[in-house]
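Undergrad: Provided herewith is a single structure, encoded as structure tokens, for subsequent inquiry.
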Amino acid sequence: MHPSHFAAVLLFALFASTVFGITQRDTPARMFRYGVYCFLLFVGSAIVLSWLMFLIAR
Amino acid sequence: MATETKQNAAASSAAQKIDYLPLIAGWLVPGGGHFLLRKWGRGALLAASIVGMFACGLAMQGKLYSGVQDVLDILGLAGDLGNGLLFVVARVAGLGADQVMVTTADYGTKFIGVAGLLNIIAAVDAHRLRNGRKPL
């Protein structure tokens, strides 16, 4: 299995945010919302940091 | 009076042991602590996430730490040990790479370590559910 860097980020964010959502909130609705929030933060920060590194390296 | 005190102490000790059962079960088997507390949905999602992450790590030829060569290896080994029986089974079956040879293997090594850390978070959550710190 040789996923691209972005595919690895998506997999990592999916698994980690599922566990964070379930363990850090009390009710199913809040768990789901927190899980989605964590997923977006994981993926969003990876994209922003990637662009920053790309611009710094130029 | 003394017999009653001894009986109370024994009952309290037994209750304490039961209190830690979800924590230990959750560490050994991902989602096991939640299954013990009859939280089937949460347990299944936790198990799928942690086992999925561990399996992806192995599929990417991630390294399973077996010993400690330098200080940083201690952190890797601690993360891997968090996987409980998954780590033992993978070691016995000879899965995982001994050395990181390709880029994806480095991702895989991190996946395996983080799966162990997530498993510990899930086990502690089961313990908090058991002792009432988190509402059931």
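Naming scheme: A, B, ... for chains in displayed order of the structure tokens; residues 1 onward per chain; ligands 1 onward as shown.
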Hey, which bits of chain A sit within 7 Å of chain B, and for each residue what's the closest pair of atoms and how far apart in Å (one decimal), counting only C-alpha atoms, rows by chain and increasing number, as JSON lines?
TA:
{"residue": "A:Met1", "atom": "CA", "partner": "B:Met60", "partner_atom": "CA", "distance": 5.1}
{"residue": "A:His2", "atom": "CA", "partner": "B:Thr104", "partner_atom": "CA", "distance": 5.9}
{"residue": "A:Phe15", "atom": "CA", "partner": "B:Ser49", "partner_atom": "CA", "distance": 4.9}
{"residue": "A:Thr18", "atom": "CA", "partner": "B:Ser49", "partner_atom": "CA", "distance": 6.9}
{"residue": "A:Val19", "atom": "CA", "partner": "B:Leu46", "partner_atom": "CA", "distance": 5.9}
{"residue": "A:Ile22", "atom": "CA", "partner": "B:Arg42", "partner_atom": "CA", "distance": 6.8}
{"residue": "A:Thr23", "atom": "CA", "partner": "B:Asp125", "partner_atom": "CA", "distance": 5.8}
{"residue": "A:Asp26", "atom": "CA", "partner": "B:Pro135", "partner_atom": "CA", "distance": 6.8}
Undergrad: Emit the selected residues as a PDB file, in the first residue's frame, including N, CA and C atoms.
TA:
ATOM      1  N   MET A   1       0.855  -1.192   0.000  1.00  0.00           N
ATOM      2  CA  MET A   1       0.000   0.000   0.000  1.00  0.00           C
ATOM      3  C   MET A   1       0.897   1.250   0.000  1.00  0.00           C
ATOM      4  N   HIS A   2       0.788   2.042  -1.078  1.00  0.00           N
ATOM      5  CA  HIS A   2       1.608   3.252  -1.160  1.00  0.00           C
ATOM      6  C   HIS A   2       0.713   4.463  -1.433  1.00  0.00           C
ATOM      7  N   PHE A  15      -9.381   8.625  10.987  1.00  0.00           N
ATOM      8  CA  PHE A  15      -9.279   7.739  12.154  1.00  0.00           C
ATOM      9  C   PHE A  15      -9.127   8.538  13.451  1.00  0.00           C
ATOM     10  N   THR A  18     -12.321  10.497  14.481  1.00  0.00           N
ATOM     11  CA  THR A  18     -13.381   9.605  14.988  1.00  0.00           C
ATOM     12  C   THR A  18     -13.155   9.322  16.476  1.00  0.00           C
ATOM     13  N   VAL A  19     -11.923   8.986  16.833  1.00  0.00           N
ATOM     14  CA  VAL A  19     -11.621   8.689  18.248  1.00  0.00           C
ATOM     15  C   VAL A  19     -11.763   9.955  19.099  1.00  0.00           C
ATOM     16  N   ILE A  22     -15.540  10.753  19.730  1.00  0.00           N
ATOM     17  CA  ILE A  22     -16.218   9.853  20.678  1.00  0.00           C
ATOM     18  C   ILE A  22     -15.734  10.072  22.106  1.00  0.00           C
ATOM     19  N   THR A  23     -14.428  10.302  22.261  1.00  0.00           N
ATOM     20  CA  THR A  23     -13.881  10.340  23.625  1.00  0.00           C
ATOM     21  C   THR A  23     -13.962  11.724  24.274  1.00  0.00           C
ATOM     22  N   ASP A  26     -19.858  14.265  25.086  1.00  0.00           N
ATOM     23  CA  ASP A  26     -20.769  13.390  25.837  1.00  0.00           C
ATOM     24  C   ASP A  26     -21.943  12.838  25.018  1.00  0.00           C
TER      25      ASP A  26
END
Undergrad: Near Gln99 of chain B, counting only C-alpha atoms, which residues have an atom at most 10 Å away, once you skip same-chain residues fewer than 3 positions from it, shown as a list in words?
TA: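 Neighbouring residues, sequence-local ones excluded: Gln61, Gly62, Lys63, Leu64, Tyr65, Gly96, Val102, Ala105, Asp106 and Thr109 of chain B.
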Undergrad: Fewer than 6 positions away in the same chain doesn't count, so skip those; otherwise give me all residues within 6 Å of segment 33-48 of chain A, counting only C-alpha atoms, as a list in words.
TA: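 Returned residues: Ala13, Ser17, Thr18 and Gly21 of chain A.
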Undergrad: Using only C-alpha atoms, which residues sit within 6 Å of segment 75-90 of chain B once same-chain residues fewer than 6 positions away are excluded, as a list of chain:residue names?
TA: B:Trp27, B:Leu28, B:Tyr65, B:Gly113, B:Gly116, B:Leu117, B:Ile120
Undergrad: Please, what distance in Å, to one decimal, runs between atom CA of His34 of chain B and atom CA of His127 of chain B?
TA: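 Value for the atom CA of His34 of chain B-atom CA of His127 of chain B distance: 8.9 Å.
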Undergrad: Calculate how many Å separate atom CA of Gly33 of chain B from atom CA of Leu11 of chain A, rounding to one decimal.
TA: 24.3 Å
Undergrad: Using only C-alpha atoms, pick whichever of A:Arg58, A:Thr27, A:Phe6, A:Phe12 has the shortest atom-to-atom distance to Ile112 of chain B.
TA: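 Smallest separation from Ile112 of chain B among the options: A:Phe12.
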Undergrad: Run DSSP on the backbone and give me the residues of segment 10-89 of chain B it puts in helix (DSSP H, G or I), as a VMD selection string.
TA: chain B and resid 10 to 28 32 to 36 40 to 59 71 to 81 85 to 89
Undergrad: Quote the spacing between atom CA of Arg25 of chain A and atom CA of Leu10 of chain A in Å to one decimal place.
TA: 22.1 Å
